[in-house]
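Below is upload-v2.cif, holding mmCIF, C-alpha atoms and all ligand atoms.
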data_target
#
loop_
_atom_site.label_atom_id
_atom_site.label_comp_id
_atom_site.auth_asym_id
_atom_site.auth_seq_id
_atom_site.Cartn_x
_atom_site.Cartn_y
_atom_site.Cartn_z
CA MET A 27 1.44 35.43 16.69
CA SER A 28 4.91 36.44 17.87
CA ALA A 29 7.69 36.86 15.30
CA ALA A 30 9.40 33.71 16.63
CA ASN A 31 6.19 31.65 16.37
CA ALA A 32 5.51 33.02 12.91
CA SER A 33 8.91 31.93 11.71
CA VAL A 34 8.40 28.41 13.17
CA ALA A 35 4.98 28.25 11.48
CA THR A 36 6.49 29.28 8.12
CA GLU A 37 9.26 26.73 8.50
CA ASN A 38 6.73 24.00 9.25
CA ALA A 39 4.26 25.03 6.53
CA PHE A 40 4.07 22.26 4.01
CA ASP A 41 5.00 23.48 0.56
CA PRO A 42 4.30 20.78 -2.05
CA LEU A 43 6.18 22.78 -4.70
CA ARG A 44 9.35 22.25 -2.71
CA TYR A 45 9.00 18.49 -3.21
CA ARG A 46 7.54 18.40 -6.72
CA SER A 47 10.87 19.32 -8.23
CA ASP A 48 12.34 16.11 -6.74
CA PHE A 49 10.13 14.09 -9.12
CA PRO A 50 11.39 14.36 -12.71
CA LEU A 51 8.25 12.80 -14.18
CA LEU A 52 6.00 15.49 -12.73
CA LYS A 53 7.54 17.95 -15.21
CA ARG A 54 5.99 16.01 -18.10
CA ARG A 55 3.32 17.28 -20.39
CA VAL A 56 0.58 14.97 -21.63
CA HIS A 57 -1.38 15.90 -24.76
CA GLY A 58 0.32 19.28 -24.63
CA LYS A 59 -0.90 20.01 -21.09
CA PRO A 60 1.07 19.95 -17.83
CA LEU A 61 0.53 16.56 -16.22
CA VAL A 62 -1.82 16.33 -13.24
CA TYR A 63 -0.95 12.93 -11.77
CA PHE A 64 -3.88 11.77 -9.65
CA ASP A 65 -3.27 8.02 -9.89
CA ASN A 66 -1.07 7.64 -6.84
CA ALA A 67 -3.07 4.81 -5.29
CA ASN A 68 -2.22 2.81 -8.40
CA THR A 69 1.47 3.60 -8.29
CA ALA A 70 3.39 6.63 -7.03
CA GLN A 71 6.04 8.60 -8.92
CA LYS A 72 9.69 8.20 -7.95
CA PRO A 73 11.93 10.94 -6.58
CA GLN A 74 15.36 11.54 -8.11
CA ALA A 75 16.94 10.05 -4.97
CA VAL A 76 15.37 6.66 -5.78
CA ILE A 77 16.36 6.81 -9.44
CA ASP A 78 19.92 7.75 -8.42
CA ALA A 79 20.19 4.93 -5.87
CA ILE A 80 19.26 2.33 -8.50
CA ASP A 81 21.53 3.91 -11.08
CA ARG A 82 24.44 3.97 -8.63
CA TYR A 83 24.01 0.31 -7.77
CA TYR A 84 24.20 -0.73 -11.44
CA ARG A 85 27.04 1.64 -12.24
CA GLU A 86 29.19 1.20 -9.15
CA PHE A 87 28.58 -2.00 -7.21
CA ASN A 88 26.35 -4.37 -9.15
CA ALA A 89 26.86 -7.84 -7.65
CA ASN A 90 24.73 -10.56 -6.12
CA VAL A 91 23.93 -10.33 -2.44
CA ALA A 92 25.03 -12.70 0.31
CA ARG A 93 27.02 -15.00 -1.98
CA ALA A 94 30.22 -13.09 -2.65
CA VAL A 95 32.99 -12.03 -0.33
CA HIS A 96 34.48 -9.68 -2.89
CA THR A 97 34.14 -5.93 -2.44
CA LEU A 98 31.25 -5.45 -4.85
CA GLY A 99 29.32 -8.30 -3.27
CA GLU A 100 29.84 -6.84 0.18
CA GLU A 101 28.79 -3.37 -0.93
CA ALA A 102 25.68 -4.72 -2.64
CA THR A 103 24.76 -6.83 0.39
CA SER A 104 25.22 -4.00 2.82
CA ALA A 105 23.12 -1.55 0.72
CA TYR A 106 20.42 -4.19 0.24
CA GLU A 107 20.35 -5.21 3.90
CA ALA A 108 20.36 -1.56 5.01
CA THR A 109 16.86 -1.35 3.55
CA ARG A 110 15.72 -4.05 5.96
CA ASP A 111 16.81 -1.88 8.88
CA LYS A 112 15.06 1.11 7.33
CA VAL A 113 11.83 -0.84 6.85
CA ALA A 114 11.99 -2.09 10.45
CA ARG A 115 12.31 1.52 11.66
CA PHE A 116 9.65 2.75 9.22
CA ILE A 117 7.00 0.46 10.67
CA ASN A 118 8.51 0.22 14.17
CA ALA A 119 9.01 -3.55 13.93
CA PRO A 120 10.65 -5.12 17.00
CA SER A 121 13.34 -6.78 14.87
CA ARG A 122 14.86 -6.58 11.40
CA ASP A 123 14.63 -10.39 11.30
CA GLU A 124 10.86 -10.04 11.05
CA ILE A 125 11.07 -8.06 7.80
CA VAL A 126 10.58 -10.42 4.85
CA PHE A 127 11.21 -8.92 1.44
CA THR A 128 8.61 -9.83 -1.19
CA SER A 129 7.70 -8.64 -4.66
CA GLY A 130 4.79 -6.64 -3.25
CA THR A 131 1.73 -6.91 -1.07
CA THR A 132 0.32 -9.67 -3.24
CA GLN A 133 3.28 -11.94 -2.57
CA ALA A 134 3.31 -10.95 1.10
CA ILE A 135 -0.32 -12.01 1.57
CA ASN A 136 0.18 -15.18 -0.47
CA THR A 137 3.11 -16.06 1.78
CA VAL A 138 0.80 -15.88 4.80
CA ALA A 139 -1.87 -17.82 2.90
CA TYR A 140 0.40 -20.69 1.87
CA SER A 141 2.86 -20.78 4.77
CA TYR A 142 0.59 -19.90 7.66
CA ALA A 143 -3.01 -20.68 6.69
CA LEU A 144 -2.72 -23.70 4.39
CA PRO A 145 -1.03 -26.04 6.88
CA ARG A 146 -3.38 -25.03 9.71
CA LEU A 147 -6.89 -24.68 8.33
CA LYS A 148 -9.43 -27.50 8.43
CA PRO A 149 -13.02 -27.91 7.19
CA GLY A 150 -15.30 -25.75 9.32
CA ASP A 151 -12.61 -23.13 10.01
CA GLU A 152 -13.21 -19.58 8.82
CA ILE A 153 -11.24 -16.57 7.61
CA LEU A 154 -12.78 -13.15 8.19
CA VAL A 155 -12.25 -10.21 5.82
CA THR A 156 -14.23 -7.05 5.00
CA THR A 157 -16.30 -5.90 2.04
CA MET A 158 -13.71 -3.25 1.18
CA GLU A 159 -10.74 -5.56 0.56
CA HIS A 160 -8.55 -5.47 -2.54
CA HIS A 161 -8.56 -8.75 -4.48
CA ALA A 162 -5.08 -9.39 -3.04
CA ASN A 163 -6.72 -9.83 0.36
CA ILE A 164 -9.59 -11.96 -0.96
CA VAL A 165 -8.42 -14.33 -3.67
CA PRO A 166 -5.48 -15.96 -1.79
CA TRP A 167 -7.92 -16.84 1.03
CA GLN A 168 -10.44 -18.26 -1.44
CA LEU A 169 -7.70 -20.49 -2.87
CA ILE A 170 -6.76 -21.66 0.62
CA CYS A 171 -10.43 -22.24 1.49
CA GLU A 172 -10.85 -24.42 -1.61
CA ARG A 173 -7.89 -26.54 -0.58
CA THR A 174 -8.74 -26.86 3.11
CA GLY A 175 -12.54 -26.81 3.25
CA ALA A 176 -12.46 -23.57 5.28
CA LYS A 177 -14.88 -20.72 4.57
CA LEU A 178 -14.42 -17.01 3.89
CA LYS A 179 -16.65 -14.71 5.95
CA VAL A 180 -17.18 -11.04 5.16
CA ALA A 181 -17.76 -8.17 7.59
CA PRO A 182 -20.09 -5.47 6.25
CA ILE A 183 -19.57 -1.75 5.69
CA THR A 184 -21.94 1.23 5.76
CA PRO A 185 -23.08 3.12 2.64
CA ARG A 186 -20.57 5.85 3.64
CA GLY A 187 -17.84 3.23 3.28
CA GLU A 188 -17.01 2.66 6.94
CA LEU A 189 -16.40 -0.78 8.38
CA ILE A 190 -19.07 -1.74 10.93
CA VAL A 191 -16.54 -2.62 13.59
CA ASP A 192 -19.13 -4.06 16.01
CA ARG A 193 -20.25 -6.51 13.32
CA PHE A 194 -16.63 -7.38 12.54
CA VAL A 195 -16.09 -8.17 16.22
CA GLU A 196 -19.32 -10.21 16.45
CA LEU A 197 -18.11 -12.24 13.46
CA LEU A 198 -14.87 -13.14 15.31
CA THR A 199 -16.32 -16.47 16.44
CA PRO A 200 -14.20 -19.42 17.64
CA SER A 201 -14.20 -20.92 14.12
CA VAL A 202 -12.31 -17.87 12.76
CA LYS A 203 -8.64 -18.81 12.51
CA LEU A 204 -7.38 -15.69 10.72
CA ALA A 205 -8.68 -12.20 10.00
CA GLY A 206 -7.60 -9.80 7.28
CA VAL A 207 -8.38 -6.11 7.02
CA VAL A 208 -7.18 -3.29 4.81
CA HIS A 209 -5.61 -0.40 6.73
CA VAL A 210 -6.63 2.21 4.11
CA SER A 211 -9.08 1.31 1.35
CA ASN A 212 -7.70 1.85 -2.16
CA VAL A 213 -11.18 2.82 -3.39
CA LEU A 214 -12.90 4.58 -0.51
CA GLY A 215 -9.88 6.01 1.24
CA THR A 216 -11.39 4.79 4.53
CA ILE A 217 -8.81 4.53 7.31
CA ASN A 218 -9.79 1.54 9.40
CA ASP A 219 -9.23 1.53 13.13
CA VAL A 220 -6.79 -1.35 12.91
CA SER A 221 -5.70 -0.95 16.55
CA ALA A 222 -9.25 -1.54 17.80
CA ILE A 223 -9.68 -4.45 15.39
CA SER A 224 -6.35 -5.88 16.50
CA LYS A 225 -7.31 -5.66 20.14
CA ALA A 226 -10.53 -7.58 19.49
CA CYS A 227 -8.64 -10.24 17.52
CA ARG A 228 -5.95 -10.62 20.18
CA ALA A 229 -8.55 -10.98 22.93
CA ARG A 230 -9.86 -13.99 21.02
CA GLY A 231 -6.46 -15.39 19.99
CA ILE A 232 -7.15 -14.78 16.29
CA PRO A 233 -4.16 -13.63 14.22
CA LEU A 234 -4.79 -10.45 12.22
CA LEU A 235 -3.25 -9.53 8.88
CA VAL A 236 -3.34 -5.85 7.95
CA ASP A 237 -2.98 -4.86 4.30
CA GLY A 238 -1.00 -1.64 4.56
CA SER A 239 -0.50 -1.01 0.82
CA GLN A 240 -2.30 2.33 0.88
CA ALA A 241 -1.46 3.30 4.45
CA ALA A 242 2.33 3.18 4.31
CA PRO A 243 2.63 6.04 1.75
CA HIS A 244 0.30 8.35 3.64
CA LEU A 245 0.28 7.69 7.39
CA PRO A 246 2.76 6.88 10.13
CA VAL A 247 2.62 3.09 10.60
CA ASP A 248 3.58 1.45 13.88
CA VAL A 249 3.01 -2.30 13.93
CA ARG A 250 3.68 -2.49 17.66
CA ALA A 251 1.07 0.16 18.42
CA ILE A 252 -1.39 -1.48 16.02
CA GLY A 253 -0.81 -4.83 17.69
CA CYS A 254 -1.48 -6.91 14.57
CA ASP A 255 0.31 -10.15 13.66
CA PHE A 256 1.06 -9.63 9.96
CA TYR A 257 1.47 -6.35 8.06
CA ALA A 258 1.92 -6.23 4.27
CA LEU A 259 3.04 -3.32 2.14
CA THR A 260 4.16 -2.66 -1.40
CA GLY A 261 7.14 -0.52 -2.41
CA HIS A 262 5.91 1.05 -5.64
CA LYS A 263 3.09 2.94 -3.94
CA LEU A 264 5.62 4.17 -1.42
CA PHE A 265 7.68 6.06 -4.05
CA GLY A 266 9.96 3.03 -4.46
CA PRO A 267 10.45 0.66 -7.40
CA THR A 268 7.96 -1.92 -8.62
CA GLY A 269 8.68 -5.51 -7.61
CA THR A 270 9.43 -4.61 -3.98
CA GLY A 271 7.28 -5.27 -0.95
CA VAL A 272 7.37 -6.34 2.65
CA LEU A 273 5.75 -8.86 4.90
CA TRP A 274 6.20 -8.11 8.57
CA ALA A 275 5.13 -10.82 10.98
CA ARG A 276 5.74 -11.62 14.62
CA ARG A 277 8.86 -13.72 15.02
CA GLU A 278 7.07 -16.67 16.63
CA LEU A 279 4.69 -16.88 13.67
CA LEU A 280 7.47 -16.68 11.09
CA GLU A 281 9.47 -19.30 12.97
CA ALA A 282 6.52 -21.68 12.98
CA MET A 283 5.79 -21.17 9.26
CA PRO A 284 7.37 -23.42 6.63
CA PRO A 285 8.92 -21.59 3.67
CA PHE A 286 6.66 -20.87 0.71
CA PHE A 287 9.35 -20.97 -2.00
CA GLY A 288 12.42 -23.19 -1.98
CA GLY A 289 15.78 -22.71 -3.68
CA GLY A 290 19.02 -20.83 -3.20
CA GLU A 291 19.53 -18.17 -0.52
CA MET A 292 16.92 -19.67 1.83
CA ILE A 293 18.86 -22.72 3.06
CA LYS A 294 21.46 -23.53 5.68
CA MET A 295 22.42 -26.95 4.36
CA VAL A 296 21.08 -29.11 1.55
CA SER A 297 21.49 -32.83 1.07
CA PHE A 298 19.24 -35.28 -0.74
CA ASP A 299 18.17 -36.67 2.62
CA LYS A 300 17.44 -33.45 4.47
CA THR A 301 17.54 -29.72 3.93
CA THR A 302 17.71 -27.18 6.73
CA PHE A 303 16.54 -23.64 6.24
CA ALA A 304 18.25 -20.32 6.77
CA ASP A 305 17.39 -18.20 9.79
CA LEU A 306 14.75 -15.49 9.60
CA PRO A 307 14.04 -13.67 7.41
CA HIS A 308 16.05 -15.41 4.67
CA LYS A 309 14.03 -18.62 5.03
CA PHE A 310 11.29 -16.82 3.06
CA GLU A 311 13.54 -15.23 0.43
CA ALA A 312 14.46 -17.93 -2.08
CA GLY A 313 16.50 -16.99 -5.14
CA THR A 314 18.24 -13.81 -6.19
CA PRO A 315 16.12 -10.92 -4.98
CA ASN A 316 15.29 -7.59 -6.59
CA ILE A 317 18.53 -6.06 -5.30
CA ALA A 318 18.32 -2.79 -7.22
CA GLY A 319 14.68 -2.48 -6.25
CA PHE A 320 15.27 -2.82 -2.52
CA ILE A 321 18.19 -0.41 -2.65
CA GLY A 322 15.78 2.00 -4.35
CA LEU A 323 13.15 1.30 -1.70
CA GLY A 324 15.67 2.23 1.00
CA ALA A 325 16.19 5.59 -0.73
CA ALA A 326 12.40 6.06 -0.92
CA LEU A 327 12.01 5.44 2.82
CA ASP A 328 14.80 7.93 3.58
CA TYR A 329 13.08 10.44 1.34
CA VAL A 330 9.67 10.03 3.00
CA GLU A 331 11.15 10.07 6.51
CA ALA A 332 13.01 13.30 5.74
CA ILE A 333 9.71 14.98 4.87
CA GLY A 334 7.91 13.39 7.82
CA ARG A 335 4.84 11.19 7.60
CA GLY A 336 2.92 13.25 10.13
CA ARG A 337 3.40 16.33 7.95
CA ILE A 338 2.47 14.38 4.82
CA ALA A 339 -0.71 13.10 6.46
CA ALA A 340 -1.71 16.58 7.66
CA TYR A 341 -1.12 18.17 4.25
CA GLU A 342 -3.00 15.42 2.44
CA ARG A 343 -5.92 15.78 4.85
CA ASP A 344 -6.23 19.46 3.92
CA LEU A 345 -5.95 18.65 0.24
CA LEU A 346 -8.64 15.98 0.62
CA VAL A 347 -11.05 18.47 2.23
CA TYR A 348 -10.34 20.97 -0.55
CA ALA A 349 -10.79 18.38 -3.31
CA THR A 350 -13.96 16.94 -1.73
CA GLN A 351 -15.59 20.37 -1.55
CA ALA A 352 -14.58 21.22 -5.10
CA MET A 353 -15.87 17.90 -6.46
CA LYS A 354 -19.16 18.22 -4.59
CA SER A 355 -19.80 21.47 -6.46
CA VAL A 356 -19.97 19.51 -9.76
CA PRO A 357 -23.63 18.72 -10.59
CA GLY A 358 -24.37 15.00 -10.95
CA LEU A 359 -21.07 13.90 -9.34
CA ARG A 360 -21.37 10.99 -6.91
CA LEU A 361 -18.56 10.31 -4.46
CA PHE A 362 -17.95 6.81 -3.10
CA GLY A 363 -16.54 6.76 0.42
CA GLU A 364 -17.22 9.49 2.92
CA ALA A 365 -15.70 8.01 6.04
CA ASN A 366 -14.83 10.35 8.88
CA GLU A 367 -11.30 8.99 8.91
CA LYS A 368 -10.24 9.08 5.31
CA ALA A 369 -7.11 9.31 3.16
CA ALA A 370 -6.96 11.39 -0.03
CA VAL A 371 -8.63 8.90 -2.37
CA LEU A 372 -11.75 10.07 -4.23
CA ALA A 373 -13.71 7.47 -6.18
CA PHE A 374 -16.49 9.07 -8.20
CA LEU A 375 -18.94 8.85 -11.07
CA ILE A 376 -20.87 11.45 -13.01
CA ASP A 377 -24.48 10.79 -13.98
CA GLY A 378 -24.73 9.33 -17.44
CA ILE A 379 -20.98 9.12 -18.10
CA HIS A 380 -19.03 5.87 -18.07
CA ALA A 381 -15.95 5.85 -15.83
CA HIS A 382 -13.68 4.87 -18.75
CA ASP A 383 -14.97 7.72 -20.93
CA LEU A 384 -14.41 10.09 -18.05
CA ALA A 385 -10.82 8.90 -17.51
CA THR A 386 -10.08 8.94 -21.26
CA LEU A 387 -11.30 12.50 -21.69
CA LEU A 388 -9.55 13.66 -18.53
CA ASP A 389 -6.35 12.20 -19.99
CA GLN A 390 -6.84 14.48 -23.00
CA GLU A 391 -6.72 17.33 -20.49
CA GLY A 392 -3.45 16.02 -19.04
CA VAL A 393 -5.16 14.59 -15.95
CA ALA A 394 -4.30 10.98 -15.02
CA VAL A 395 -7.00 9.20 -12.97
CA ARG A 396 -7.79 5.52 -12.84
CA SER A 397 -11.08 4.03 -13.97
CA GLY A 398 -12.36 0.50 -13.45
CA HIS A 399 -13.10 -1.82 -10.57
CA HIS A 400 -9.83 -1.04 -8.76
CA CYS A 401 -9.33 -4.76 -8.00
CA ALA A 402 -12.31 -4.56 -5.65
CA HIS A 403 -15.19 -6.30 -7.45
CA PRO A 404 -17.09 -7.07 -4.22
CA LEU A 405 -16.98 -3.38 -3.28
CA MET A 406 -18.30 -2.40 -6.71
CA GLN A 407 -21.08 -4.97 -6.23
CA PHE A 408 -21.88 -3.43 -2.82
CA PHE A 409 -22.34 -0.01 -4.44
CA GLY A 410 -24.17 -1.51 -7.44
CA VAL A 411 -21.76 -0.13 -10.05
CA ALA A 412 -19.43 -1.83 -12.53
CA ALA A 413 -16.67 0.74 -12.26
CA THR A 414 -15.77 4.17 -10.92
CA ALA A 415 -13.22 6.82 -11.73
CA ARG A 416 -10.72 7.47 -8.95
CA ALA A 417 -8.52 10.43 -8.15
CA SER A 418 -5.85 9.56 -5.59
CA LEU A 419 -3.64 12.34 -4.31
CA SER A 420 -0.17 12.55 -2.88
CA PHE A 421 1.89 15.13 -1.00
CA TYR A 422 3.29 16.47 -4.28
CA ASN A 423 -0.16 17.38 -5.56
CA THR A 424 -1.50 20.89 -5.15
CA ARG A 425 -4.77 22.81 -4.84
CA ASP A 426 -4.02 24.29 -8.21
CA GLU A 427 -4.03 20.79 -9.69
CA VAL A 428 -7.33 20.05 -7.95
CA ASP A 429 -8.78 23.18 -9.59
CA ARG A 430 -7.54 22.07 -13.01
CA PHE A 431 -8.98 18.59 -12.44
CA VAL A 432 -12.40 19.94 -11.44
CA GLU A 433 -12.45 22.36 -14.38
CA ALA A 434 -11.57 19.46 -16.68
CA ILE A 435 -14.44 17.40 -15.22
CA GLY A 436 -16.73 20.35 -15.99
CA ARG A 437 -15.62 20.34 -19.63
CA VAL A 438 -16.12 16.56 -19.90
CA ARG A 439 -19.62 16.95 -18.46
CA ARG A 440 -20.55 19.61 -20.96
CA LEU A 441 -19.19 17.45 -23.78
CA LEU A 442 -20.91 14.18 -22.79
CA GLY A 443 -23.63 15.15 -20.34
C1 LIG B 501 -5.21 -2.08 -0.76
C2 LIG B 501 -4.30 -2.82 -1.70
N1 LIG B 501 -3.93 -4.07 -1.42
C3 LIG B 501 -3.11 -4.77 -2.22
C4 LIG B 501 -2.64 -4.23 -3.39
C5 LIG B 501 -1.73 -5.06 -4.25
O1 LIG B 501 -0.46 -4.50 -4.32
P1 LIG B 501 0.63 -5.11 -5.33
O2 LIG B 501 -0.07 -5.22 -6.67
O3 LIG B 501 1.71 -4.10 -5.36
O4 LIG B 501 1.04 -6.42 -4.80
C6 LIG B 501 -3.02 -2.95 -3.75
C7 LIG B 501 -2.59 -2.36 -5.04
O5 LIG B 501 -3.34 -1.76 -5.75
C8 LIG B 501 -3.87 -2.21 -2.88
O6 LIG B 501 -4.27 -0.98 -3.18
#

Can the structure from this file be put into structure tokens for me?
Amino acid sequence: MSAANASVATENAFDPLRYRSDFPLLKRRVHGKPLVYFDNANTAQKPQAVIDAIDRYYREFNANVARAVHTLGEEATSAYEATRDKVARFINAPSRDEIVFTSGTTQAINTVAYSYALPRLKPGDEILVTTMEHHANIVPWQLICERTGAKLKVAPITPRGELIVDRFVELLTPSVKLAGVVHVSNVLGTINDVSAISKACRARGIPLLVDGSQAAPHLPVDVRAIGCDFYALTGHKLFGPTGTGVLWARRELLEAMPPFFGGGEMIKMVSFDKTTFADLPHKFEAGTPNIAGFIGLGAALDYVEAIGRGRIAAYERDLLVYATQAMKSVPGLRLFGEANEKAAVLAFLIDGIHAHDLATLLDQEGVAVRSGHHCAHPLMQFFGVAATARASLSFYNTRDEVDRFVEAIGRVRRLLG
């Protein structure tokens, strides 16, 4: 390698330690040990830039948005609305008007369920989802099915945790009026080929909702390239505050959808005879929003963009390979999800040890992993288990932490095995 190339390579080398110091919480000790935070699929830690943005809003320009013409109101509105532009760029949406702020993915999907699906579905219609969905992309559809007489259909996955795309496509029959698929599984880490799925749906005129909760923090997301109709994401997994999320939908769909919530902020004119609604996206944003939260989310998006999602994805891929190999060296450890295209999520069990005991003892070692059903009961049923432990990694995690985690698993095994 020439000296010039070597210096470019060094500049581009991803150094997680450079970013770790941006996250105050990662300096914590738990039970006297340095924290290893491997619960990022549950919620991610927040960089100082996000904490500062929220703090600044409350200290310097706290006011309600859209309602005030005074200076503080204008400053608050412009900081809050700036996040809408950032989200539009972040997912390459054609227009900022198509970015609806919600409290999270759950509210985003429920908005589609109640505003899009409920008025349209009839008995005999079907909604298609996959076995690997989070409850947020199952239960709203079940509620709509109960009210309309429609049915929920489920596309199968392989034992390695990959969607059987051919089966999904075969199941896209004329009675299917909406399809929903997770972009990245929160349990298996599987990255679904949402572009191929989208293409099949479009060819049949079936709108597709993609649950991007776990994709947005780890991969570049381009809704135009994907070609879907709805994309949902949640801010707190994306290094932003809780209580923030986004529904992106094509303009023509949003325009045709009645609002889900009614109240202030979402109207043009109210009288007791007739109310007219605000233009997009405000029609779907009734009431005072989570202003501080969305200002924080804007800072989170700036932070992630400055690092670069392509670089994040590449680093996390390496870390996943490293962690997978290390975990496979542990006798009796079973991994769930071995898709070829996979994000850094590792659900696992160890023979004879309950997932909760595993997570509790790992916590004693300073290692935070989640245990339970991960809001994916049907997936647990598919694998025939009640619960798993799950390590989910982020760009601020290191190989050194993986080593500590695997050593800690070894100690738990010796204690309980
Ligand atoms: C794949 C997936 N979908 C939906 C959700 C729900 O997100 P929220 O609880 O932020 O609405 C989650 C959160 O765990 C998730 O992982």

Contacts between region 209-223 of chain A and region 227-346 of chain A, please, where a residue of region 227-346 of chain A counts if it comes within 12 Å (with all atoms listed in the file); show its shortest atom pair and distance in Å to one decimal, rows by chain and ascending number, as JSON lines.
{"residue": "A:Cys227", "atom": "CA", "partner": "A:Ile223", "partner_atom": "CA", "distance": 6.3}
{"residue": "A:Arg228", "atom": "CA", "partner": "A:Ile223", "partner_atom": "CA", "distance": 8.7}
{"residue": "A:Ala229", "atom": "CA", "partner": "A:Ile223", "partner_atom": "CA", "distance": 10.0}
{"residue": "A:Arg230", "atom": "CA", "partner": "A:Ile223", "partner_atom": "CA", "distance": 11.1}
{"residue": "A:Ile232", "atom": "CA", "partner": "A:Ile223", "partner_atom": "CA", "distance": 10.7}
{"residue": "A:Pro233", "atom": "CA", "partner": "A:Ile223", "partner_atom": "CA", "distance": 10.8}
{"residue": "A:Leu234", "atom": "CA", "partner": "A:Ile223", "partner_atom": "CA", "distance": 8.4}
{"residue": "A:Leu235", "atom": "CA", "partner": "A:His209", "partner_atom": "CA", "distance": 9.7}
{"residue": "A:Val236", "atom": "CA", "partner": "A:His209", "partner_atom": "CA", "distance": 6.0}
{"residue": "A:Asp237", "atom": "CA", "partner": "A:His209", "partner_atom": "CA", "distance": 5.7}
{"residue": "A:Gly238", "atom": "CA", "partner": "A:His209", "partner_atom": "CA", "distance": 5.2}
{"residue": "A:Ser239", "atom": "CA", "partner": "A:Val210", "partner_atom": "CA", "distance": 7.7}
{"residue": "A:Gln240", "atom": "CA", "partner": "A:Val210", "partner_atom": "CA", "distance": 5.4}
{"residue": "A:Ala241", "atom": "CA", "partner": "A:Val210", "partner_atom": "CA", "distance": 5.3}
{"residue": "A:Ala242", "atom": "CA", "partner": "A:Val210", "partner_atom": "CA", "distance": 9.0}
{"residue": "A:Pro243", "atom": "CA", "partner": "A:Val210", "partner_atom": "CA", "distance": 10.3}
{"residue": "A:His244", "atom": "CA", "partner": "A:Val210", "partner_atom": "CA", "distance": 9.3}
{"residue": "A:Leu245", "atom": "CA", "partner": "A:Val210", "partner_atom": "CA", "distance": 9.4}
{"residue": "A:Pro246", "atom": "CA", "partner": "A:His209", "partner_atom": "CA", "distance": 11.6}
{"residue": "A:Val247", "atom": "CA", "partner": "A:His209", "partner_atom": "CA", "distance": 9.7}
{"residue": "A:Asp248", "atom": "CA", "partner": "A:Ser221", "partner_atom": "CA", "distance": 10.0}
{"residue": "A:Val249", "atom": "CA", "partner": "A:Ser221", "partner_atom": "CA", "distance": 9.2}
{"residue": "A:Arg250", "atom": "CA", "partner": "A:Ser221", "partner_atom": "CA", "distance": 9.6}
{"residue": "A:Ala251", "atom": "CA", "partner": "A:Ser221", "partner_atom": "CA", "distance": 7.1}
{"residue": "A:Ile252", "atom": "CA", "partner": "A:Ser221", "partner_atom": "CA", "distance": 4.4}
{"residue": "A:Gly253", "atom": "CA", "partner": "A:Ser221", "partner_atom": "CA", "distance": 6.3}
{"residue": "A:Cys254", "atom": "CA", "partner": "A:Ser221", "partner_atom": "CA", "distance": 7.6}
{"residue": "A:Asp255", "atom": "CA", "partner": "A:Val220", "partner_atom": "CA", "distance": 11.3}
{"residue": "A:Phe256", "atom": "CA", "partner": "A:Val220", "partner_atom": "CA", "distance": 11.8}
{"residue": "A:Tyr257", "atom": "CA", "partner": "A:His209", "partner_atom": "CA", "distance": 9.3}
{"residue": "A:Ala258", "atom": "CA", "partner": "A:His209", "partner_atom": "CA", "distance": 9.8}
{"residue": "A:Leu259", "atom": "CA", "partner": "A:His209", "partner_atom": "CA", "distance": 10.2}
{"residue": "A:Lys263", "atom": "CA", "partner": "A:Asn212", "partner_atom": "CA", "distance": 11.0}
{"residue": "A:Ala339", "atom": "CA", "partner": "A:Ile217", "partner_atom": "CA", "distance": 11.8}
{"residue": "A:Glu342", "atom": "CA", "partner": "A:Gly215", "partner_atom": "CA", "distance": 11.7}
{"residue": "A:Arg343", "atom": "CA", "partner": "A:Gly215", "partner_atom": "CA", "distance": 11.1}
{"residue": "A:Leu346", "atom": "CA", "partner": "A:Gly215", "partner_atom": "CA", "distance": 10.1}

Around region 58-73 of chain A, with edges along x, y and z and 5 Å added on all six sides, what centre and edge lengths do you get, in Å to one decimal, as JSON?
{"center_x": 4.0, "center_y": 11.4, "center_z": -15.0, "size_x": 25.8, "size_y": 27.2, "size_z": 29.3}

Residue nearest Leu306 (chain A) among A:Arg276, A:His403, A:Arg430, A:Arg439 (counting all atoms listed in the file):
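Of A:Arg276, A:His403, A:Arg430, A:Arg439, the one nearest Leu306 (chain A) is A:Arg276, counting all atoms listed in the file.
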
Using all atoms listed in the file, find all polymer residues with an atom at most 12 Å away from the point (0.2, -5.9, -1.9); report them as number ranges by chain.
A: 67-69, 127-137, 159-164, 166, 208-209, 212, 235-242, 257-264, 268-273, 401

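Closest approach to ligand LIG 501 (chain B) among A:Asp65, A:Asp328, A:Asp111, A:Glu367: A:Asp65, based on all atoms listed in the file.
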
Please provide the set of residues having any atom within 6 Å of Val180 (chain A), restricted to all atoms listed in the file, with same-chain residues fewer than 5 positions apart removed, written as a PDB file with C-alpha atoms, in the frame of the given file.
ATOM      1  CA  LEU A 154     -12.780 -13.150   8.190  1.00  0.00           C
ATOM      2  CA  VAL A 155     -12.250 -10.210   5.820  1.00  0.00           C
ATOM      3  CA  THR A 156     -14.230  -7.050   5.000  1.00  0.00           C
TER       4      THR A 156
END

Nearest residue to ligand LIG 501 (chain B) out of A:Met158, A:Val56, A:Ala105, A:Val91, using all atoms listed in the file?
A:Met158

Using only C-alpha atoms, which of A:Arg85, A:His382, A:Lys53, A:Arg396 sits nearest Leu98 (chain A)?
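Closest candidate: A:Arg85.
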
Residue with smallest distance to Thr109 (chain A) - pool A:Phe421, A:Gly322, A:Ser297, A:Phe374, counting all atoms listed in the file
A:Gly322

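The shortest atom-to-atom distance to Asp151 (chain A), with only C-alpha atoms taken into account, belongs to A:Val202 out of A:Ala70, A:Ile80, A:Ala282, A:Val202.
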